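Structure record follows, encoded as structure tokens.
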Amino acid sequence: MKEAVSCGGVVIFRGKILLLYKNYKNRYEGWVLPKGTVEEGETHEQTALREVKEESGVDADIVSYVGKSNYRFTVPEGIVDKDVHWYLMAAHSYQSKPQQEEYFFDSGYYKFHEAYHLLKFANEKQIVEDAYHTFQRLRKNNLWTKQ
């Protein structure tokens, strides 16, 4: 079994959550959060910020660590066990541009309940729920000062 580590973001602007629509040769299709593989010499935080920028064109700042998800998938070489570290991020604007080279064909910011129901994977739904609760708590206590 091969192990892999990725990092990504739950990116919020004015209370709405950034999602990307991926369509990989009509085999892998659906709304997801931006994330990607840690490169040599990068911290998890650097990876998360870089991947958000590359996949969505969004400039954001990390607010807090949300947690880790884990899943397995099969590739021709065998099974991959992947950990994904997630960060709550504050975007600088609604501007986004999906990275078509990575098969992202749409992007947008959605209200929590819309984002939750659009997301393809259960583990990402849980991460969004956890991140959004943190966002609400910070905003209620006037600690969400990014927007």
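Ligands are numbered from 1 in the order shown, residues from 1 within each chain, and chains are lettered A, B, ... in the order they appear in the structure tokens.
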
Shell around A:Tyr71 at 9 Å using only C-alpha atoms, local window under 6 positions removed, as a PDB file with N, CA and C atoms, in the first residue's frame:
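part38.pdb written:
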ATOM      1  N   VAL A  80      -3.890   3.192  -2.609  1.00  0.00           N
ATOM      2  CA  VAL A  80      -3.302   4.398  -2.034  1.00  0.00           C
ATOM      3  C   VAL A  80      -4.111   4.774  -0.799  1.00  0.00           C
ATOM      4  N   ASP A  81      -3.421   4.984   0.324  1.00  0.00           N
ATOM      5  CA  ASP A  81      -4.019   5.446   1.574  1.00  0.00           C
ATOM      6  C   ASP A  81      -3.655   6.919   1.706  1.00  0.00           C
ATOM      7  N   LYS A  82      -4.663   7.797   1.603  1.00  0.00           N
ATOM      8  CA  LYS A  82      -4.394   9.234   1.556  1.00  0.00           C
ATOM      9  C   LYS A  82      -4.932   9.962   2.778  1.00  0.00           C
ATOM     10  N   ASP A  83      -4.067  10.772   3.409  1.00  0.00           N
ATOM     11  CA  ASP A  83      -4.469  11.714   4.457  1.00  0.00           C
ATOM     12  C   ASP A  83      -4.564  13.091   3.824  1.00  0.00           C
ATOM     13  N   VAL A  84      -5.629  13.819   4.163  1.00  0.00           N
ATOM     14  CA  VAL A  84      -5.788  15.193   3.677  1.00  0.00           C
ATOM     15  C   VAL A  84      -5.949  16.105   4.887  1.00  0.00           C
ATOM     16  N   ASN A 123     -16.616  12.701   3.241  1.00  0.00           N
ATOM     17  CA  ASN A 123     -15.575  13.239   4.119  1.00  0.00           C
ATOM     18  C   ASN A 123     -15.407  14.746   3.912  1.00  0.00           C
TER      19      ASN A 123
END

* List the neighbours of stretch 55-69 of chain A out to 8 Å using only C-alpha atoms; skip same-chain residues closer than 5 positions along the sequence, and give me the result as a PyMOL selection string. => chain A and resi 11+20+34-35+45+49+83-93+95-99+102+104+107+123-124+127+130-131

Please produce an output containing C-alpha atoms for each residue in the selection, written as a PDB file, in the first residue's frame.
ATOM      1  CA  VAL A  11     -12.321  28.875   1.589  1.00  0.00           C
ATOM      2  CA  LEU A  20     -14.790  23.496  -7.708  1.00  0.00           C
ATOM      3  CA  PRO A  34      -9.517  22.549  -3.538  1.00  0.00           C
ATOM      4  CA  LYS A  35      -6.661  20.312  -2.405  1.00  0.00           C
ATOM      5  CA  GLU A  45       0.025  25.256   5.250  1.00  0.00           C
ATOM      6  CA  LEU A  49      -2.438  27.870   0.095  1.00  0.00           C
ATOM      7  CA  ASP A  83      -4.469  11.714   4.457  1.00  0.00           C
ATOM      8  CA  VAL A  84      -5.788  15.193   3.677  1.00  0.00           C
ATOM      9  CA  HIS A  85      -5.134  18.085   6.057  1.00  0.00           C
ATOM     10  CA  TRP A  86      -7.757  20.843   5.840  1.00  0.00           C
ATOM     11  CA  TYR A  87      -7.559  24.535   6.710  1.00  0.00           C
ATOM     12  CA  LEU A  88     -10.247  27.158   7.156  1.00  0.00           C
ATOM     13  CA  MET A  89      -9.322  30.069   4.883  1.00  0.00           C
ATOM     14  CA  ALA A  90     -10.584  33.574   4.261  1.00  0.00           C
ATOM     15  CA  ALA A  91     -10.634  34.625   0.603  1.00  0.00           C
ATOM     16  CA  HIS A  92      -9.778  38.150  -0.501  1.00  0.00           C
ATOM     17  CA  SER A  93     -12.656  38.321  -3.053  1.00  0.00           C
ATOM     18  CA  GLN A  95     -12.944  36.100  -7.937  1.00  0.00           C
ATOM     19  CA  SER A  96     -12.156  32.522  -8.939  1.00  0.00           C
ATOM     20  CA  LYS A  97     -10.879  30.824 -12.074  1.00  0.00           C
ATOM     21  CA  PRO A  98     -10.953  27.015 -12.211  1.00  0.00           C
ATOM     22  CA  GLN A  99      -7.768  25.307 -13.399  1.00  0.00           C
ATOM     23  CA  GLU A 102      -6.594  19.752 -13.726  1.00  0.00           C
ATOM     24  CA  PHE A 104     -11.855  21.857 -13.128  1.00  0.00           C
ATOM     25  CA  SER A 107     -16.111  27.269  -9.544  1.00  0.00           C
ATOM     26  CA  ASN A 123     -15.575  13.239   4.119  1.00  0.00           C
ATOM     27  CA  GLU A 124     -15.534  16.684   2.472  1.00  0.00           C
ATOM     28  CA  ILE A 127     -14.902  18.933   6.860  1.00  0.00           C
ATOM     29  CA  ASP A 130     -16.642  21.479  10.951  1.00  0.00           C
ATOM     30  CA  ALA A 131     -15.053  24.479   9.214  1.00  0.00           C
TER      31      ALA A 131
END

* Mind checking DSSP for chain A and telling me the helix (DSSP H, G or I) residues as a ChimeraX atom specification? -> /A:44-56,100-102,112-118,122-140

Let's have the selection written as a short mmCIF file (atom, residue, chain, number, x, y, z; two decimals), in the first residue's frame, with C-alpha atoms.
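Generated output (selection.cif):
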data_model
loop_
_atom_site.label_atom_id
_atom_site.label_comp_id
_atom_site.auth_asym_id
_atom_site.auth_seq_id
_atom_site.Cartn_x
_atom_site.Cartn_y
_atom_site.Cartn_z
CA HIS A 44 1.11 21.61 5.04
CA GLU A 45 0.02 25.26 5.25
CA GLN A 46 2.11 26.21 2.20
CA THR A 47 0.66 23.30 0.24
CA ALA A 48 -2.92 24.23 1.15
CA LEU A 49 -2.44 27.87 0.09
CA ARG A 50 -0.63 26.91 -3.13
CA GLU A 51 -3.24 24.34 -4.12
CA VAL A 52 -6.13 26.73 -3.48
CA LYS A 53 -4.39 29.35 -5.64
CA GLU A 54 -3.49 26.89 -8.43
CA GLU A 55 -6.83 25.11 -8.64
CA SER A 56 -9.13 28.11 -8.18
CA GLN A 100 -8.84 23.51 -16.56
CA GLU A 101 -5.51 21.66 -16.85
CA GLU A 102 -6.59 19.75 -13.73
CA PHE A 112 -23.39 26.42 3.55
CA HIS A 113 -26.47 24.28 2.90
CA GLU A 114 -25.94 24.50 -0.89
CA ALA A 115 -22.25 23.60 -0.62
CA TYR A 116 -22.99 20.72 1.72
CA HIS A 117 -25.48 19.16 -0.70
CA LEU A 118 -23.36 19.81 -3.80
CA ALA A 122 -18.95 12.48 2.54
CA ASN A 123 -15.57 13.24 4.12
CA GLU A 124 -15.53 16.68 2.47
CA LYS A 125 -19.09 17.32 3.69
CA GLN A 126 -17.91 16.62 7.25
CA ILE A 127 -14.90 18.93 6.86
CA VAL A 128 -17.12 21.73 5.50
CA GLU A 129 -19.51 21.28 8.43
CA ASP A 130 -16.64 21.48 10.95
CA ALA A 131 -15.05 24.48 9.21
CA TYR A 132 -18.33 26.35 8.92
CA HIS A 133 -19.07 25.90 12.64
CA THR A 134 -15.65 27.40 13.37
CA PHE A 135 -16.37 30.27 10.97
CA GLN A 136 -19.72 30.98 12.68
CA ARG A 137 -18.13 30.95 16.13
CA LEU A 138 -15.36 33.32 15.04
CA ARG A 139 -17.83 35.66 13.34
CA LYS A 140 -20.14 35.66 16.38
#

* **atom CA of A:Tyr103 to atom CA of A:Tyr21, straight-line distance in Å** =>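 If I compute the distance from atom CA of A:Tyr21 to atom CA of A:Tyr103, I get 8.3 Å.
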
* To do: Skip A:Glu77 itself and residues of its chain fewer than 3 positions away, then list as a ChimeraX atom specification all residues within 12 Å of it, counting only C-alpha atoms.
  => /A:1-2,73-74,80

* To do: List the neighbours of A:Lys120 out to 8 Å using only C-alpha atoms; skip same-chain residues closer than 4 positions along the sequence, and give me the result as an MDAnalysis selection string.
  => chainID A and resid 30:32 124

Expected file: the selected residues, N, CA and C atoms, as a compact mmCIF listing (two decimals), in the first residue's frame:
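Contents of again-v7.txt, as written:
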# COMPACT_ATOMS: atom_id res chain seq x y z
N GLY A 30 -17.90 15.84 -10.24
CA GLY A 30 -18.61 16.37 -9.10
C GLY A 30 -17.95 17.58 -8.48
N TRP A 31 -18.64 18.17 -7.50
CA TRP A 31 -18.16 19.35 -6.78
C TRP A 31 -17.24 18.91 -5.65
N VAL A 32 -16.10 19.57 -5.53
CA VAL A 32 -15.09 19.23 -4.53
C VAL A 32 -14.49 20.49 -3.94
N GLU A 124 -15.61 15.24 2.70
CA GLU A 124 -15.53 16.68 2.47
C GLU A 124 -16.75 17.39 3.06
